[in-house]
>>> print(open('data-v6.tsv').read())   # TSV, C-alpha atoms and all ligand atoms
chain	number	residue	atom	x	y	z
H	1110	GLN	CA	-60.70	82.34	20.41
H	1111	VAL	CA	-61.91	78.92	19.40
H	1112	ALA	CA	-58.45	77.98	18.15
H	1113	SER	CA	-56.98	78.92	21.51
H	1114	LEU	CA	-59.29	76.37	23.15
H	1115	LYS	CA	-57.59	73.51	21.36
H	1116	GLY	CA	-55.44	71.45	23.65
H	1117	THR	CA	-56.12	73.59	26.69
H	1118	LYS	CA	-58.37	72.36	29.44
H	1119	GLN	CA	-61.08	74.94	29.81
H	1120	GLY	CA	-63.78	73.17	31.70
H	1121	ARG	CA	-66.79	71.08	31.12
H	1122	LEU	CA	-69.56	70.71	28.57
H	1123	ARG	CA	-72.89	69.61	30.06
H	1124	LEU	CA	-75.23	67.96	27.60
H	1125	GLY	CA	-78.69	66.48	28.11
H	1126	VAL	CA	-80.03	64.25	25.32
H	1127	VAL	CA	-83.10	62.08	24.76
H	1128	SER	CA	-82.64	58.34	24.70
H	1129	THR	CA	-82.83	57.99	20.92
H	1130	ALA	CA	-80.02	60.54	20.42
H	1131	LYS	CA	-77.52	58.49	22.38
H	1132	TYR	CA	-76.94	56.40	19.26
H	1133	PHE	CA	-75.09	59.19	17.49
H	1134	VAL	CA	-74.13	61.83	20.08
H	1135	PRO	CA	-71.17	59.89	21.53
H	1136	ARG	CA	-69.62	59.59	18.06
H	1137	VAL	CA	-69.98	63.30	17.43
H	1138	LEU	CA	-68.47	63.90	20.87
H	1139	GLY	CA	-65.58	61.62	19.93
H	1140	HIS	CA	-64.73	63.80	16.95
H	1141	PHE	CA	-65.22	66.93	19.01
H	1142	CYS	CA	-62.88	65.73	21.76
H	1143	GLN	CA	-60.22	64.85	19.20
H	1144	GLN	CA	-60.16	68.49	18.24
H	1145	TYR	CA	-60.50	69.78	21.80
H	1146	PRO	CA	-58.85	67.13	23.95
H	1147	GLY	CA	-58.91	69.23	27.09
H	1148	ILE	CA	-62.68	69.42	27.42
H	1149	ASP	CA	-64.59	67.20	29.87
H	1150	ILE	CA	-68.07	66.11	28.98
H	1151	ALA	CA	-71.02	65.34	31.22
H	1152	LEU	CA	-73.68	63.59	29.13
H	1153	GLN	CA	-77.12	62.86	30.60
H	1154	VAL	CA	-79.36	60.49	28.68
H	1155	THR	CA	-83.04	60.57	29.71
H	1156	ASN	CA	-86.49	60.55	28.17
H	1157	HIS	CA	-88.32	63.64	26.93
H	1158	ALA	CA	-90.17	64.46	30.16
H	1159	THR	CA	-87.06	64.22	32.35
H	1160	LEU	CA	-85.11	66.34	29.90
H	1161	ILE	CA	-87.75	69.08	30.10
H	1162	GLN	CA	-87.41	68.98	33.88
H	1163	ARG	CA	-83.63	69.36	33.55
H	1164	MET	CA	-84.22	72.37	31.25
H	1165	GLN	CA	-86.54	73.97	33.78
H	1166	ASP	CA	-83.89	73.48	36.46
H	1167	ASN	CA	-81.15	74.86	34.15
H	1168	GLN	CA	-78.97	71.81	34.73
H	1169	ASP	CA	-77.12	71.56	31.41
H	1170	ASP	CA	-75.60	73.84	28.75
H	1171	LEU	CA	-77.31	72.29	25.73
H	1172	TYR	CA	-80.09	69.78	25.05
H	1173	ILE	CA	-80.84	67.48	22.14
H	1174	LEU	CA	-84.45	66.37	21.63
H	1175	SER	CA	-87.10	66.06	18.94
H	1176	GLN	CA	-89.96	68.13	20.23
H	1177	PRO	CA	-88.83	71.26	22.04
H	1178	PRO	CA	-91.69	72.34	24.32
H	1179	GLU	CA	-93.54	75.46	23.17
H	1180	ASP	CA	-94.21	76.80	26.66
H	1181	LEU	CA	-90.54	77.37	27.55
H	1182	ALA	CA	-88.48	80.27	26.21
H	1183	LEU	CA	-85.92	78.34	24.17
H	1184	SER	CA	-83.54	78.87	21.35
H	1185	SER	CA	-83.75	75.74	19.15
H	1186	GLN	CA	-82.13	74.75	15.87
H	1187	PRO	CA	-82.97	71.60	13.91
H	1188	PHE	CA	-79.88	69.71	12.73
H	1189	LEU	CA	-80.78	66.13	11.79
H	1190	ASP	CA	-83.74	64.04	10.60
H	1191	ASN	CA	-85.07	61.54	13.12
H	1192	PRO	CA	-87.49	59.18	11.34
H	1193	LEU	CA	-89.63	56.91	13.51
H	1194	VAL	CA	-90.27	53.54	11.87
H	1195	VAL	CA	-92.37	50.44	12.57
H	1196	VAL	CA	-90.11	47.57	13.62
H	1197	SER	CA	-91.03	43.89	13.65
H	1198	ARG	CA	-89.31	40.55	13.71
H	1199	GLN	CA	-88.10	39.35	10.30
H	1200	ASP	CA	-90.60	36.51	10.24
H	1201	HIS	CA	-93.65	38.70	10.96
H	1202	PRO	CA	-96.47	38.03	8.44
H	1203	LEU	CA	-96.41	41.71	7.33
H	1204	ALA	CA	-92.64	41.74	6.72
H	1205	GLY	CA	-91.83	42.38	3.08
H	1206	GLU	CA	-95.32	43.72	2.22
H	1207	LYS	CA	-95.49	47.10	0.51
H	1208	ASN	CA	-97.57	50.06	1.61
H	1209	ILE	CA	-99.28	48.30	4.52
H	1210	PRO	CA	-102.46	50.18	5.61
H	1211	ILE	CA	-102.00	51.71	9.04
H	1212	LYS	CA	-105.25	50.04	10.15
H	1213	SER	CA	-103.49	46.68	9.81
H	1214	LEU	CA	-101.63	47.54	13.00
H	1215	ALA	CA	-104.91	47.49	14.94
H	1216	GLY	CA	-105.02	44.41	17.04
H	1217	GLU	CA	-101.29	43.65	16.65
H	1218	PRO	CA	-99.58	43.20	20.01
H	1219	PHE	CA	-97.64	46.42	20.49
H	1220	ILE	CA	-94.66	47.37	22.63
H	1221	MET	CA	-94.87	50.97	23.85
H	1222	ARG	CA	-92.29	53.27	25.42
H	1223	GLU	CA	-92.99	54.55	28.93
H	1224	GLN	CA	-95.07	57.61	29.94
H	1225	GLY	CA	-92.95	60.72	29.41
H	1226	SER	CA	-91.25	59.40	26.28
H	1227	GLY	CA	-91.36	61.71	23.28
H	1228	THR	CA	-91.42	58.70	20.96
H	1229	ARG	CA	-94.57	57.47	22.71
H	1230	GLN	CA	-96.19	60.90	22.34
H	1231	SER	CA	-95.59	60.94	18.58
H	1232	VAL	CA	-96.83	57.39	18.12
H	1233	GLN	CA	-99.99	57.98	20.14
H	1234	LYS	CA	-100.72	61.17	18.21
H	1235	LEU	CA	-100.48	59.35	14.87
H	1236	PHE	CA	-102.61	56.42	16.04
H	1237	GLU	CA	-105.25	58.80	17.40
H	1238	ARG	CA	-105.29	60.74	14.16
H	1239	TYR	CA	-105.96	57.61	12.11
H	1240	LYS	CA	-108.10	55.98	14.80
H	1241	VAL	CA	-105.90	52.93	15.12
H	1242	GLY	CA	-106.32	50.95	18.32
H	1243	VAL	CA	-103.23	48.88	19.06
H	1244	LYS	CA	-103.09	46.36	21.88
H	1245	VAL	CA	-100.30	47.52	24.18
H	1246	ARG	CA	-98.95	44.26	25.48
H	1247	LEU	CA	-95.85	45.67	27.09
H	1248	GLU	CA	-94.52	49.04	28.22
H	1249	LEU	CA	-90.76	49.43	28.31
H	1250	GLY	CA	-88.51	52.32	29.29
H	1251	SER	CA	-85.64	51.43	27.00
H	1252	ASN	CA	-85.18	51.28	23.23
H	1253	GLU	CA	-82.69	48.43	23.61
H	1254	ALA	CA	-85.13	46.39	25.70
H	1255	ILE	CA	-87.84	47.03	23.09
H	1256	LYS	CA	-85.61	45.62	20.34
H	1257	GLN	CA	-84.98	42.52	22.43
H	1258	ALA	CA	-88.72	42.16	23.09
H	1259	ILE	CA	-89.48	42.41	19.36
H	1260	ALA	CA	-86.82	39.79	18.65
H	1261	GLY	CA	-88.38	37.66	21.39
H	1262	GLY	CA	-91.70	37.70	19.54
H	1263	LEU	CA	-93.62	39.93	21.94
H	1264	GLY	CA	-94.90	42.30	19.27
H	1265	LEU	CA	-94.26	45.33	17.08
H	1266	SER	CA	-93.05	48.75	18.06
H	1267	VAL	CA	-92.19	52.17	16.66
H	1268	LEU	CA	-88.61	53.31	17.20
H	1269	SER	CA	-86.28	56.00	15.97
H	1270	GLN	CA	-84.48	54.55	12.97
H	1271	HIS	CA	-81.24	55.68	14.61
H	1272	THR	CA	-81.70	53.01	17.28
H	1273	LEU	CA	-81.36	50.28	14.63
H	1274	ILE	CA	-77.98	49.13	13.55
H	1275	ALA	CA	-77.41	47.32	10.29
H	1276	GLU	CA	-76.46	44.03	11.94
H	1277	GLN	CA	-79.82	43.80	13.67
H	1278	LEU	CA	-81.67	44.62	10.50
H	1279	MET	CA	-79.76	41.97	8.60
H	1280	GLY	CA	-80.59	39.50	11.31
H	1281	GLU	CA	-83.63	39.43	13.55
H	1282	LEU	CA	-85.46	42.69	12.95
H	1283	THR	CA	-86.97	44.49	10.00
H	1284	ILE	CA	-88.69	47.78	9.20
H	1285	LEU	CA	-92.31	47.47	8.03
H	1286	ASP	CA	-93.45	49.63	5.13
H	1287	VAL	CA	-96.59	51.04	6.81
H	1288	GLN	CA	-98.60	53.99	5.43
H	1289	HIS	CA	-97.97	57.31	7.22
H	1290	PHE	CA	-94.57	56.06	8.38
H	1291	PRO	CA	-91.90	57.07	8.94
H	1292	ILE	CA	-93.03	59.78	11.31
H	1293	HIS	CA	-90.76	62.62	10.23
H	1294	LEU	CA	-89.22	64.12	13.35
H	1295	ARG	CA	-86.08	66.19	13.54
H	1296	TRP	CA	-83.63	66.57	16.35
H	1297	TYR	CA	-83.10	70.04	17.69
H	1298	VAL	CA	-80.23	71.41	19.69
H	1299	THR	CA	-81.72	73.70	22.28
H	1300	HIS	CA	-80.81	75.97	25.15
H	1301	LEU	CA	-82.68	78.31	27.44
H	1302	GLU	CA	-83.16	81.57	25.58
H	1303	GLY	CA	-81.66	83.87	28.17
H	1304	LYS	CA	-78.72	81.63	28.94
H	1305	GLN	CA	-75.23	82.94	28.35
H	1306	LEU	CA	-73.46	79.98	26.76
H	1307	SER	CA	-69.88	79.21	27.74
H	1308	ILE	CA	-67.28	79.34	24.97
H	1309	ILE	CA	-67.14	75.54	25.15
H	1310	ALA	CA	-70.92	75.22	24.68
H	1311	GLU	CA	-70.83	77.72	21.77
H	1312	THR	CA	-68.00	75.76	20.19
H	1313	PHE	CA	-69.82	72.46	20.50
H	1314	LEU	CA	-73.06	73.95	19.15
H	1315	LYS	CA	-71.25	75.15	16.05
H	1316	PHE	CA	-69.41	71.84	15.70
H	1317	LEU	CA	-72.68	69.87	15.92
H	1318	LEU	CA	-74.43	72.03	13.31
H	1319	GLU	CA	-71.46	71.65	10.94
H	1320	ASN	CA	-70.81	67.94	11.42
H	1321	SER	CA	-74.11	66.18	12.01
H	1322	ASN	CA	-74.87	65.77	8.31
H	1323	HIS	CA	-72.24	63.01	8.26
H	1324	VAL	CA	-74.22	60.86	10.71
H	1325	PRO	CA	-75.25	57.73	8.80
H	1326	LEU	CA	-78.72	56.28	9.13
H	1327	LEU	CA	-77.65	52.66	9.14
H	1328	GLY	CA	-81.09	51.20	8.60
H	1329	THR	CA	-81.47	53.33	5.47
H	1330	LEU	CA	-78.19	52.07	4.03
H	1331	ALA	CA	-79.39	48.52	4.50
H	1332	LEU	CA	-82.72	49.44	2.86
H	1333	GLN	CA	-80.99	50.94	-0.14
H	1334	ASN	CA	-78.91	47.81	-0.56
H	1335	GLY	CA	-82.15	45.92	-1.02
H	1336	THR	CA	-81.53	43.71	1.96
H	1337	LEU	CA	-84.72	44.85	3.65
H	1338	LEU	CA	-88.33	45.27	2.68
H	1339	GLY	CA	-87.78	42.90	-0.20
H	1340	ASN	CA	-89.22	39.42	-0.15
H	1341	HIS	CA	-85.76	38.06	0.16
H	1342	HIS	CA	-84.67	38.26	3.75
H	1343	GLY	CA	-82.64	35.09	3.84
O	1401	LIG	P1	-87.70	59.69	24.03
O	1401	LIG	O1	-87.10	60.60	22.87
O	1401	LIG	O2	-88.71	58.78	23.41
O	1401	LIG	O3	-86.48	58.96	24.55
O	1401	LIG	O4	-88.33	60.58	25.10
O	1401	LIG	C1	-87.96	61.39	22.16
O	1401	LIG	C2	-87.36	62.42	21.23
O	1401	LIG	O5	-87.03	62.04	20.08
O	1401	LIG	O6	-87.27	63.60	21.60
>>> encode(input="data-v6.tsv", output="structure tokens")
Amino acid sequence: QVASLKGTKQGRLRLGVVSTAKYFVPRVLGHFCQQYPGIDIALQVTNHATLIQRMQDNQDDLYILSQPPEDLALSSQPFLDNPLVVVSRQDHPLAGEKNIPIKSLAGEPFIMREQGSGTRQSVQKLFERYKVGVKVRLELGSNEAIKQAIAGGLGLSVLSQHTLIAEQLMGELTILDVQHFPIHLRWYVTHLEGKQLSIIAETFLKFLLENSNHVPLLGTLALQNGTLLGNHHG
């Protein structure tokens, strides 16, 4: 059945993904479309809260997010780690320090994602748990804008490591080695439990589960090369 899909236009795959997943999903889709060139894709990129609304309205075939809500009847499978890390400018006084106590973040100017962001939820939960009061200087609805704001010296933030590309980490930004980080999230691929998936959606689901382990975590590669978190960011 799946083989017969190849090369024949069968319709459309509707995907809804959270903002941090847009850094790898298009590449996976690229490989998928090479194998199934006839399939059209509609990809919606939103934050967590908007994605939940789309689920409730049954607007897409499949969803990718980190924290599937427990009060909806969903079928969810984890497929990839999504570590959240503390990001600062390279010249931040804490850059290069090891095992920084989480309390050191108290009082640091902090850049926070908007209300409704799943990243924000996870960060707030961790800070509440360890009673860390950060000064939120800026709220931004975009991971890209947050990276620019960090580079501009406006403060620290916590981002999915997948939002960081090696070039940025070699240049303006760095990951701080803070206790209790990274926050270990995983991405799930999810659909409404009662939903009858199209053959295309089934095929993509299987493809994603089989191929996502090849997704590189670019920040980690840079870390392993010793170009980060050392005292030698040139
Ligand atoms: P978001 O993504 O911060 O863009 O809402 C959260 C998630 O990882 O599910």
>>> closest_residue(input="data-v6.tsv", among="H:Leu1203, H:Cys1142, H:Leu1152, H:Leu1174", to="ligand LIG 1401 (chain O)", atoms="only C-alpha atoms and all ligand atoms")
H:Leu1174
>>> residues_near_ligand(input="data-v6.tsv", ligand="ligand LIG 1401 (chain O)", cutoff="6 Å", atoms="only C-alpha atoms and all ligand atoms", output="list in words")
Val1127, Ser1128, Thr1129, Asn1156, His1157, Leu1174, Ser1175, Gln1176, Ser1226, Gly1227 and Thr1228 of chain H
>>> closest_residue(input="data-v6.tsv", among="H:Lys1244, H:Arg1238, H:Leu1282, H:Leu1181", to="Asp1166 in chain H", atoms="all atoms listed in the file")
H:Leu1181
>>> residues_around(input="data-v6.tsv", residues="Val1232 in chain H", least_positions_apart="4", cutoff="10 Å", atoms="all atoms listed in the file", output="PyMOL selection string")
chain H and resi 1193-1195+1221-1222+1227-1228+1236-1238+1266-1268+1292
>>> residues_near_point(input="data-v6.tsv", point="(-99.4, 53.0, 11.7)", cutoff="12 Å", atoms="only C-alpha atoms", output="number ranges by chain")
H: 1193-1196, 1208-1217, 1219, 1231-1243, 1265-1267, 1285-1292
>>> residues_around(input="data-v6.tsv", residues="range 1315-1320 of chain H", least_positions_apart="5", cutoff="8 Å", atoms="only C-alpha atoms", output="list in words")
Val1137, Phe1141 and Phe1188 of chain H
>>> closest_residue(input="data-v6.tsv", among="H:Leu1138, H:Ile1274, H:Val1298, H:Ala1158", to="Ile1173 in chain H", atoms="all atoms listed in the file")
H:Val1298
>>> residues_around(input="data-v6.tsv", residues="Ala1130 in chain H", least_positions_apart="5", cutoff="9 Å", atoms="all atoms listed in the file", output="ChimeraX atom specification")
/H:1135,1154,1173-1174,1191,1269,1271-1272,1296
>>> atom_distance(input="data-v6.tsv", atom1="CA of Ala1254 in chain H", atom2="CA of Tyr1297 in chain H")
25.1 Å
>>> atom_distance(input="data-v6.tsv", atom1="CA of Ala1182 in chain H", atom2="CA of Ile1308 in chain H")
21.3 Å
>>> atom_distance(input="data-v6.tsv", atom1="CA of Gly1250 in chain H", atom2="CA of Arg1198 in chain H")
19.5 Å
>>> closest_residue(input="data-v6.tsv", among="H:Gln1162, H:Ser1185, H:Gln1143, H:Gln1153", to="Leu1301 in chain H", atoms="all atoms listed in the file")
H:Ser1185
>>> axis_aligned_box(input="data-v6.tsv", around="range 1228-1244 of chain H", padding_each_side="5 Å", output="JSON")
{"center_x": -99.8, "center_y": 53.8, "center_z": 17.4, "size_x": 26.7, "size_y": 24.8, "size_z": 20.6}
>>> residues_around(input="data-v6.tsv", residues="Glu1281 in chain H", least_positions_apart="5", cutoff="10 Å", atoms="only C-alpha atoms", output="number ranges by chain")
H: 1197-1200, 1256-1257, 1259-1261, 1276, 1342
>>> residues_around(input="data-v6.tsv", residues="Ile1150 in chain H", least_positions_apart="3", cutoff="8 Å", atoms="only C-alpha atoms", output="number ranges by chain")
H: 1121-1124
